[in-house]
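What follows is the content of structure18.tsv (TSV, C-alpha atoms).
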```tsv
chain	number	residue	atom	x	y	z
T	841	MET	CA	0.00	0.00	0.00
T	842	THR	CA	1.41	3.41	-0.94
T	843	ARG	CA	1.95	6.15	1.61
T	844	ILE	CA	-1.30	7.61	2.99
T	845	SER	CA	-3.37	5.68	0.42
T	846	LEU	CA	-5.56	4.37	3.22
T	847	THR	CA	-6.14	7.93	4.41
T	848	ARG	CA	-7.10	9.09	0.96
T	849	ARG	CA	-9.58	6.28	0.52
T	850	LEU	CA	-11.25	6.95	3.85
T	851	VAL	CA	-11.49	10.67	3.22
T	852	ALA	CA	-12.72	10.20	-0.33
T	853	VAL	CA	-15.54	7.93	0.85
T	854	ALA	CA	-16.52	10.34	3.60
T	855	GLY	CA	-16.24	13.29	1.23
T	856	VAL	CA	-18.45	11.84	-1.45
T	857	ALA	CA	-21.12	10.84	1.07
T	858	ALA	CA	-21.14	14.22	2.78
T	859	LEU	CA	-21.12	16.04	-0.55
T	860	ALA	CA	-24.11	14.12	-1.79
T	861	VAL	CA	-26.07	14.95	1.36
T	862	GLY	CA	-24.88	18.48	1.94
T	863	LEU	CA	-24.77	20.24	-1.38
T	864	GLY	CA	-28.36	19.78	-2.38
T	865	SER	CA	-29.44	22.78	-0.30
T	866	CYS	CA	-26.58	25.09	-1.29
T	867	GLY	CA	-26.83	27.49	-4.18
T	868	LYS	CA	-26.18	30.93	-5.60
T	869	SER	CA	-28.94	33.36	-6.56
T	870	GLU	CA	-28.55	35.94	-9.30
T	871	ASP	CA	-30.65	39.00	-9.98
T	872	LYS	CA	-33.30	38.90	-12.66
T	873	ALA	CA	-30.97	40.39	-15.25
T	874	GLY	CA	-28.48	37.55	-14.69
T	875	GLY	CA	-25.84	39.90	-13.26
T	876	ALA	CA	-24.24	40.03	-9.83
T	877	PRO	CA	-25.45	37.42	-7.32
T	878	THR	CA	-27.79	38.42	-4.53
T	879	GLU	CA	-26.66	35.48	-2.39
T	880	ILE	CA	-23.33	33.76	-1.87
T	881	VAL	CA	-22.28	30.75	0.18
T	882	PHE	CA	-19.22	30.78	2.45
T	883	SER	CA	-17.59	27.41	3.19
T	884	ILE	CA	-16.13	26.55	6.60
T	885	LEU	CA	-14.37	23.41	7.77
T	886	SER	CA	-16.10	22.18	10.90
T	887	ALA	CA	-15.53	18.80	12.45
T	888	GLU	CA	-18.57	19.10	14.69
T	889	GLY	CA	-20.87	21.00	12.34
T	890	GLN	CA	-22.76	24.23	12.62
T	891	ALA	CA	-23.58	23.83	16.32
T	892	SER	CA	-19.95	24.39	17.34
T	893	SER	CA	-18.60	26.63	14.59
T	894	GLY	CA	-21.73	28.57	13.72
T	895	PRO	CA	-21.69	30.91	16.74
T	896	LEU	CA	-18.04	31.80	16.05
T	897	TRP	CA	-18.45	32.53	12.34
T	898	GLN	CA	-21.99	33.91	12.12
T	899	PRO	CA	-21.18	37.43	13.43
T	900	LEU	CA	-18.47	37.80	10.77
T	901	LEU	CA	-20.77	36.52	8.03
T	902	ASP	CA	-23.51	38.92	9.15
T	903	ASP	CA	-21.03	41.79	8.95
T	904	MET	CA	-19.94	40.58	5.52
T	905	SER	CA	-23.56	40.65	4.34
T	906	LYS	CA	-23.96	44.24	5.51
T	907	ALA	CA	-20.67	45.36	3.94
T	908	THR	CA	-21.32	43.76	0.54
T	909	GLY	CA	-25.09	44.11	0.29
T	910	VAL	CA	-25.35	40.40	-0.51
T	911	THR	CA	-26.81	37.66	1.67
T	912	VAL	CA	-23.99	35.40	2.92
T	913	LYS	CA	-24.94	31.87	3.96
T	914	PRO	CA	-22.55	29.43	5.66
T	915	TYR	CA	-21.79	25.94	4.41
T	916	PHE	CA	-20.15	23.65	6.97
T	917	GLY	CA	-18.16	20.70	5.68
T	918	SER	CA	-16.55	17.95	7.73
T	919	ASN	CA	-13.46	17.64	5.51
T	920	TYR	CA	-11.62	19.59	2.85
T	921	THR	CA	-12.50	17.21	0.01
T	922	VAL	CA	-16.13	18.21	0.44
T	923	LEU	CA	-15.28	21.91	0.54
T	924	VAL	CA	-13.06	21.86	-2.55
T	925	GLU	CA	-15.73	19.96	-4.49
T	926	ALA	CA	-18.40	22.41	-3.33
T	927	MET	CA	-16.39	25.34	-4.67
T	928	ARG	CA	-15.53	23.51	-7.85
T	929	GLY	CA	-19.24	22.98	-8.48
T	930	ASN	CA	-19.98	26.65	-7.70
T	931	GLN	CA	-22.10	25.56	-4.74
T	932	THR	CA	-19.90	27.87	-2.65
T	933	GLN	CA	-18.25	31.07	-3.85
T	934	VAL	CA	-16.09	32.12	-0.88
T	935	GLY	CA	-14.34	30.03	1.75
T	936	TRP	CA	-11.86	29.65	4.57
T	937	PHE	CA	-9.22	27.02	3.77
T	938	SER	CA	-5.97	25.89	5.28
T	939	ALA	CA	-2.97	26.12	2.99
T	940	LYS	CA	-2.88	22.68	1.34
T	941	PRO	CA	-6.58	22.52	0.40
T	942	MET	CA	-6.29	26.14	-0.70
T	943	LEU	CA	-3.89	24.92	-3.38
T	944	GLU	CA	-6.45	22.27	-4.36
T	945	ALA	CA	-9.13	24.96	-4.62
T	946	ILE	CA	-6.86	27.13	-6.79
T	947	GLU	CA	-5.93	24.28	-9.10
T	948	ARG	CA	-9.30	22.51	-9.31
T	949	ALA	CA	-11.99	25.02	-8.36
T	950	ASP	CA	-10.97	28.30	-10.05
T	951	ALA	CA	-10.27	29.89	-6.67
T	952	GLU	CA	-8.30	33.07	-5.99
T	953	VAL	CA	-6.56	33.97	-2.72
T	954	ILE	CA	-7.60	37.34	-1.31
T	955	ALA	CA	-6.31	37.25	2.28
T	956	ARG	CA	-4.36	35.26	4.83
T	957	ILE	CA	-4.94	34.89	8.57
T	958	VAL	CA	-2.95	36.62	11.31
T	959	ASP	CA	-3.32	35.24	14.84
T	960	PRO	CA	-3.71	37.29	18.06
T	961	GLU	CA	0.07	37.30	18.59
T	962	GLY	CA	0.68	38.75	15.12
T	963	ARG	CA	1.84	35.50	13.52
T	964	ASP	CA	0.76	34.46	10.04
T	965	SER	CA	2.07	30.92	10.49
T	966	TYR	CA	1.35	28.01	12.80
T	967	GLN	CA	2.81	24.57	13.53
T	968	SER	CA	1.88	20.95	13.15
T	969	THR	CA	2.22	18.79	16.26
T	970	LEU	CA	2.10	15.20	17.45
T	971	ILE	CA	0.00	14.76	20.56
T	972	VAL	CA	-0.14	11.96	23.15
T	973	LYS	CA	-2.10	11.46	26.35
T	974	LYS	CA	-0.37	13.16	29.24
T	975	GLY	CA	1.28	10.59	31.47
T	976	SER	CA	1.08	7.82	28.84
T	977	GLY	CA	4.84	7.61	28.55
T	978	VAL	CA	4.70	7.59	24.74
T	979	THR	CA	7.79	9.37	23.40
T	980	LEU	CA	8.85	10.59	19.97
T	981	ASP	CA	11.63	7.97	19.91
T	982	GLN	CA	9.03	5.27	20.52
T	983	VAL	CA	6.89	6.66	17.68
T	984	LEU	CA	9.82	6.70	15.28
T	985	ALA	CA	10.92	3.18	16.28
T	986	CYS	CA	8.06	1.83	14.13
T	987	GLY	CA	7.44	-1.20	16.29
T	988	LYS	CA	3.82	-1.58	15.11
T	989	THR	CA	2.70	-1.31	18.74
T	990	LEU	CA	0.97	2.09	18.57
T	991	ASP	CA	-2.37	3.17	17.17
T	992	PHE	CA	-1.86	6.36	15.14
T	993	GLY	CA	-4.26	9.13	14.17
T	994	LEU	CA	-3.42	10.89	10.90
T	995	GLY	CA	-5.30	13.90	9.57
T	996	ASP	CA	-7.51	14.58	6.58
T	997	ALA	CA	-5.57	13.70	3.43
T	998	GLN	CA	-5.84	17.35	2.35
T	999	SER	CA	-4.85	18.74	5.75
T	1000	THR	CA	-1.66	20.78	5.81
T	1001	SER	CA	-0.83	20.20	9.48
T	1002	GLY	CA	-2.64	16.89	9.93
T	1003	THR	CA	-0.94	15.01	7.09
T	1004	LEU	CA	1.35	16.97	4.77
T	1005	ALA	CA	3.57	18.65	7.38
T	1006	PRO	CA	4.24	15.56	9.52
T	1007	LEU	CA	5.04	13.56	6.40
T	1008	THR	CA	7.33	16.27	5.02
T	1009	PHE	CA	9.16	17.20	8.20
T	1010	LEU	CA	9.06	14.04	10.31
T	1011	PHE	CA	8.37	10.81	8.46
T	1012	ASN	CA	9.67	11.27	4.90
T	1013	PRO	CA	13.20	12.33	5.93
T	1014	ARG	CA	13.42	9.06	7.92
T	1015	ASP	CA	11.90	6.99	5.12
T	1016	ILE	CA	8.97	6.06	7.37
T	1017	ASP	CA	5.64	5.03	5.90
T	1018	PRO	CA	2.99	5.41	8.63
T	1019	ALA	CA	1.00	2.51	7.16
T	1020	GLN	CA	4.00	0.25	7.79
T	1021	CYS	CA	5.08	1.86	11.06
T	1022	PHE	CA	2.06	1.63	13.34
T	1023	LYS	CA	-0.33	-1.08	14.50
T	1024	THR	CA	-3.26	0.86	13.04
T	1025	VAL	CA	-3.63	4.18	11.20
T	1026	ARG	CA	-6.94	6.01	11.21
T	1027	ALA	CA	-7.83	9.20	9.36
T	1028	ALA	CA	-9.77	11.89	11.22
T	1029	ASN	CA	-9.92	15.64	11.71
T	1030	HIS	CA	-7.96	17.41	14.44
T	1031	GLN	CA	-10.80	17.57	16.95
T	1032	ALA	CA	-11.65	13.89	16.57
T	1033	ASN	CA	-7.98	12.95	16.89
T	1034	ALA	CA	-7.61	15.02	20.07
T	1035	PHE	CA	-10.60	13.25	21.66
T	1036	ALA	CA	-9.29	9.88	20.48
T	1037	VAL	CA	-5.92	10.49	22.15
T	1038	ALA	CA	-7.48	11.80	25.36
T	1039	THR	CA	-9.79	8.79	25.63
T	1040	GLY	CA	-7.16	6.21	24.69
T	1041	VAL	CA	-8.63	5.22	21.33
T	1042	VAL	CA	-5.29	6.06	19.68
T	1043	ASP	CA	-1.87	6.43	21.28
T	1044	VAL	CA	-0.57	9.34	19.20
T	1045	ALA	CA	-2.07	11.65	16.59
T	1046	THR	CA	-1.34	14.69	14.48
T	1047	SER	CA	-2.69	18.07	15.53
T	1048	ASN	CA	-1.62	21.71	15.36
T	1049	THR	CA	-1.05	24.70	17.56
T	1050	VAL	CA	-4.34	26.34	16.52
T	1051	ASN	CA	-6.31	23.24	17.49
T	1052	THR	CA	-4.55	23.29	20.86
T	1053	VAL	CA	-5.91	26.78	21.51
T	1054	PHE	CA	-9.48	25.76	20.63
T	1055	ILE	CA	-9.38	22.50	22.59
T	1056	ASN	CA	-8.07	24.26	25.70
T	1057	ARG	CA	-10.75	26.92	25.37
T	1058	GLU	CA	-13.76	24.83	24.40
T	1059	ASN	CA	-12.92	21.51	26.08
T	1060	PRO	CA	-10.38	22.24	28.84
T	1061	GLN	CA	-10.85	18.80	30.41
T	1062	ILE	CA	-9.74	17.20	27.14
T	1063	GLY	CA	-6.96	19.73	26.60
T	1064	ALA	CA	-5.54	19.04	30.05
T	1065	GLN	CA	-5.02	15.39	29.08
T	1066	LEU	CA	-2.89	16.15	26.00
T	1067	GLU	CA	0.75	17.04	25.46
T	1068	ASP	CA	2.96	17.63	22.43
T	1069	ILE	CA	5.92	15.38	21.68
T	1070	TRP	CA	6.85	16.98	18.33
T	1071	THR	CA	6.40	20.40	16.73
T	1072	SER	CA	7.02	21.23	13.07
T	1073	PRO	CA	8.73	24.27	11.58
T	1074	PRO	CA	6.31	27.17	10.90
T	1075	ILE	CA	3.84	26.63	8.05
T	1076	PRO	CA	1.69	29.28	6.34
T	1077	GLU	CA	-1.60	30.09	8.03
T	1078	SER	CA	-5.02	29.53	6.50
T	1079	GLY	CA	-6.67	32.09	4.26
T	1080	ILE	CA	-9.74	33.29	2.39
T	1081	VAL	CA	-10.43	32.36	-1.23
T	1082	VAL	CA	-13.10	33.38	-3.73
T	1083	ARG	CA	-14.08	31.87	-7.03
T	1084	ASP	CA	-12.21	33.64	-9.80
T	1085	ASP	CA	-15.37	34.06	-11.88
T	1086	LEU	CA	-17.32	35.84	-9.15
T	1087	ASP	CA	-18.70	39.23	-10.19
T	1088	PRO	CA	-15.63	41.55	-10.13
T	1089	ALA	CA	-17.33	44.36	-8.23
T	1090	LEU	CA	-18.58	41.94	-5.57
T	1091	LYS	CA	-15.18	40.29	-5.36
T	1092	GLU	CA	-13.57	43.64	-4.57
T	1093	LYS	CA	-16.19	44.36	-1.91
T	1094	ILE	CA	-15.39	41.02	-0.30
T	1095	ARG	CA	-11.65	41.68	-0.49
T	1096	SER	CA	-12.08	45.12	1.07
T	1097	PHE	CA	-14.28	43.69	3.81
T	1098	PHE	CA	-11.69	41.20	4.96
T	1099	LEU	CA	-8.70	43.54	4.70
T	1100	THR	CA	-10.38	46.26	6.76
T	1101	TYR	CA	-12.25	44.08	9.25
T	1102	GLY	CA	-11.32	44.83	12.85
T	1103	GLN	CA	-9.08	47.72	11.85
T	1104	GLY	CA	-9.23	51.31	13.05
T	1105	GLU	CA	-10.62	52.88	16.21
T	1106	GLY	CA	-14.01	53.11	17.87
T	1107	ALA	CA	-16.66	50.81	19.26
T	1108	GLU	CA	-17.44	49.08	15.97
T	1109	ALA	CA	-13.79	48.24	15.27
T	1110	GLU	CA	-13.46	46.90	18.82
T	1111	ARG	CA	-16.57	44.75	18.38
T	1112	GLN	CA	-15.13	43.32	15.18
T	1113	ARG	CA	-11.85	42.57	16.94
T	1114	GLN	CA	-13.78	40.57	19.53
T	1115	VAL	CA	-15.39	38.57	16.72
T	1116	LEU	CA	-11.92	37.86	15.33
T	1117	LEU	CA	-10.62	36.89	18.75
T	1118	GLY	CA	-13.31	34.23	18.99
T	1119	LEU	CA	-11.79	32.69	15.84
T	1120	ASN	CA	-8.28	33.13	17.26
T	1121	TYR	CA	-7.49	35.80	14.65
T	1122	SER	CA	-6.37	39.40	14.89
T	1123	MET	CA	-6.72	40.47	11.25
T	1124	PHE	CA	-6.73	39.39	7.62
T	1125	ARG	CA	-3.63	40.36	5.64
T	1126	ALA	CA	-3.55	40.92	1.88
T	1127	ALA	CA	-2.11	37.92	0.02
T	1128	ASP	CA	-1.95	36.14	-3.29
T	1129	ASP	CA	-1.17	32.51	-3.93
T	1130	SER	CA	2.62	33.06	-3.88
T	1131	TYR	CA	2.43	32.87	-0.09
T	1132	LEU	CA	1.59	29.18	-0.57
T	1133	ASN	CA	4.94	28.36	-2.22
T	1134	PRO	CA	6.25	26.68	0.96
T	1135	ILE	CA	3.24	24.35	0.73
T	1136	ARG	CA	3.99	23.71	-2.94
T	1137	GLU	CA	7.48	22.63	-1.84
T	1138	MET	CA	5.97	20.24	0.68
T	1139	VAL	CA	3.62	18.81	-1.96
T	1140	ALA	CA	6.52	18.31	-4.39
T	1141	ASP	CA	8.55	16.60	-1.67
T	1142	GLN	CA	5.65	14.24	-0.96
T	1143	LYS	CA	5.21	13.47	-4.66
T	1144	ARG	CA	8.93	12.70	-4.92
T	1145	THR	CA	8.72	10.37	-1.93
T	1146	GLU	CA	5.68	8.54	-3.32
T	1147	ALA	CA	7.28	8.24	-6.77
T	1148	ARG	CA	10.46	6.82	-5.24
T	1149	ALA	CA	8.41	4.24	-3.30
T	1150	LYS	CA	6.68	3.18	-6.53
T	1151	GLY	CA	9.91	3.13	-8.56
T	1152	ASP	CA	8.45	5.74	-10.93
T	1153	THR	CA	11.63	7.49	-12.07
T	1154	ALA	CA	9.85	9.89	-14.43
T	1155	ALA	CA	7.51	11.15	-11.70
T	1156	GLN	CA	10.39	11.35	-9.27
T	1157	ALA	CA	12.41	13.47	-11.72
T	1158	ALA	CA	9.43	15.76	-12.35
T	1159	ALA	CA	8.92	16.28	-8.63
T	1160	GLU	CA	12.62	16.99	-8.18
T	1161	ARG	CA	12.50	19.63	-10.93
T	1162	GLU	CA	9.52	21.27	-9.25
T	1163	LEU	CA	11.34	21.29	-5.92
T	1164	GLN	CA	14.38	22.94	-7.47
T	1165	ARG	CA	12.19	25.55	-9.19
T	1166	LEU	CA	10.42	26.45	-5.96
T	1167	ARG	CA	13.66	26.57	-3.98
T	1168	ALA	CA	15.18	28.89	-6.57
T	1169	LEU	CA	12.14	31.18	-6.23
T	1170	ARG	CA	12.55	31.20	-2.46
T	1171	GLU	CA	16.18	32.23	-2.73
T	1172	VAL	CA	15.41	35.30	-4.85
T	1173	GLN	CA	12.38	36.44	-2.84
T	1174	PRO	CA	12.96	39.10	-0.17
```

Encoding of this model in structure tokens:
Amino acid sequence: MTRISLTRRLVAVAGVAALAVGLGSCGKSEDKAGGAPTEIVFSILSAEGQASSGPLWQPLLDDMSKATGVTVKPYFGSNYTVLVEAMRGNQTQVGWFSAKPMLEAIERADAEVIARIVDPEGRDSYQSTLIVKKGSGVTLDQVLACGKTLDFGLGDAQSTSGTLAPLTFLFNPRDIDPAQCFKTVRAANHQANAFAVATGVVDVATSNTVNTVFINRENPQIGAQLEDIWTSPPIPESGIVVRDDLDPALKEKIRSFFLTYGQGEGAEAERQRQVLLGLNYSMFRAADDSYLNPIREMVADQKRTEARAKGDTAAQAAAERELQRLRALREVQP
């Protein structure tokens, strides 16, 4: 079995099922002349659905409706496969994505980056982690020993921090295939993995520093049972994308909304900052898809690793060329 093939199968099955159920009620309305839409749908990744994420996002979406003059409806998806497919089918027009699925949306769903996230400490990056149950005695050395004694929780196949980063920074450099390393490997989102570790369903799982903040805030009893045993280098934060073919005037209103939200002085700006704080953000910073080049490097590295495992020399050479191109770009960028 190739690296993370099991994960991809599980996510694909879940994605297709959720997409079939969820997208039937989503849509975009246009005015009678067939011009700019009067309604748009904003996609949000939510492991636990609207009940948990809705109260955090709804104030921002209400403000977006007022600023743009267009009704903004949320669409909550349980994994990124669903969300990318929803945008590709024009069932959603705007969305919040982490970096890796943002690339998928750009390449497959005609999406355009308009902003990136900045956290309350002013950082526009975060880190992938490995978490274990506090007091379990599970160490990173034990994880990397690959004794097939541990149950492992990997992330969504499209997750930057749940799958791509740990493969790129931890497992690939050691030539470790998680499918061959652990007793079992299960694919789940960050919240599900955190609960699985805390309750002993799995011994170790991927997570990230943003999830740690939310778990400690929303489920402190669960958070108190978890500890990190590995932390990745910084990876680019999530961002906001819009479909490239959205009405240009509306697209600019949306861009302006995000880039000015929570900025300035006065009671309204302070209220908006409190909305952002609930999402663990401080602002949205202007960006285009070049900020995702570090993720493109990680993707190329993963493709090279998979091609090497398959003995596909042509694919390996192509991935190597892409890596060299991206690294050359990085060297000339300020």

Centre, x/y/z edge lengths, axis-aligned box for range 931-935 of chain T with 6 Å per side, as JSON:
```
{"center_x": -18.2, "center_y": 28.8, "center_z": -1.5, "size_x": 19.8, "size_y": 18.6, "size_z": 18.5}
```

Proximity to Leu1004 in chain T - best of T:Glu1108, T:Glu1160, T:Glu1137, T:Glu1171, only C-alpha atoms: T:Glu1137

Kindly provide the residues of range 1042-1097 of chain T that approach range 946-951 of chain T to within 6 Å, each paired with its closest atom pair and their distance in Å to one decimal, based on all atoms listed in the file, listed by chain and increasing number, as JSON lines.
```
{"residue": "T:Val1081", "atom": "CA", "partner": "T:Ala951", "partner_atom": "CA", "distance": 6.0}
{"residue": "T:Val1082", "atom": "CA", "partner": "T:Ala951", "partner_atom": "CA", "distance": 5.4}
{"residue": "T:Arg1083", "atom": "CA", "partner": "T:Ala951", "partner_atom": "CA", "distance": 4.3}
{"residue": "T:Asp1084", "atom": "CA", "partner": "T:Ala951", "partner_atom": "CA", "distance": 5.3}
```

note - CA of Thr911 in chain T and CA of Thr878 in chain T are separated by 6.3 Å

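Among the candidate residues T:Ala1149, T:Ile1135, T:Ala876, T:Val972, the one lying nearest to Asp1015 in chain T is T:Ala1149, with distances computed using all atoms listed in the file.
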
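Distance-wise, CA of Leu1169 in chain T and CA of Ile1075 in chain T end up 17.1 Å apart.
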
Which residues come within 6 Å of range 1048-1057 of chain T, counting all atoms listed in the file, excluding same-chain residues fewer than 3 positions away, as a list of chain:residue names?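 Non-adjacent residues within range: T:Gln967, T:Ser968, T:Thr969, T:Pro1060, T:Gly1063.
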
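Minimum distance to Arg1144 in chain T across T:Ala1034, T:Arg963, T:Pro1013, T:Arg1167 (counting only C-alpha atoms) occurs at T:Pro1013.
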
Would you mind reading off the distance between CA of Thr921 in chain T and CA of Arg1095 in chain T, one decimal, in Å? 24.5 Å

Contacts of Ile884 in chain T at 8 Å or less, counting only C-alpha atoms, minus same-chain residues fewer than 5 places along, as a list in words? Pro914, Tyr915, Phe916, Gly917, Leu923, Gly935, Trp936 and Phe937 of chain T

Given the choices T:Tyr966, T:Phe1097, T:Phe1124, T:Phe1022, which gets closest to Phe992 in chain T if the distance is worked out from all atoms listed in the file?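 Distance minimum relative to Phe992 in chain T lands on T:Phe1022.
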
Would you kindly return, as a compact mmCIF listing (two decimals) with C-alpha atoms, in the coordinates of the input, each protein, DNA or RNA residue with an atom no farther than 12 Å from any atom of Ala1109 in chain T, considering only C-alpha atoms and excluding same-chain residues fewer than 6 positions away?
```txt
# COMPACT_ATOMS: atom_id res chain seq x y z
CA ASP T 903 -21.03 41.79 8.95
CA THR T 1100 -10.38 46.26 6.76
CA TYR T 1101 -12.25 44.08 9.25
CA GLY T 1102 -11.32 44.83 12.85
CA GLN T 1103 -9.08 47.72 11.85
CA VAL T 1115 -15.39 38.57 16.72
CA LEU T 1116 -11.92 37.86 15.33
CA SER T 1122 -6.37 39.40 14.89
CA MET T 1123 -6.72 40.47 11.25
```

Would you mind listing what lies within 7 Å of Val1044 in chain T as number ranges by chain, with only C-alpha atoms counted and same-chain residues fewer than 5 positions away left out? T: 970-972, 991-993, 1037

So, counting all atoms listed in the file, which residue among T:Val912, T:Ala1140, T:Val1041, T:Ile880 is closest to Gln898 in chain T?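 Looking only at the distances to Gln898 in chain T, the closest residue turns out to be T:Val912.
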
Counting only C-alpha atoms, which residue out of T:Asn919, T:Thr1071, T:Gln1156, T:Gln1020 sits closest to Ser1001 in chain T?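 Closest residue, counting only C-alpha atoms: T:Thr1071.
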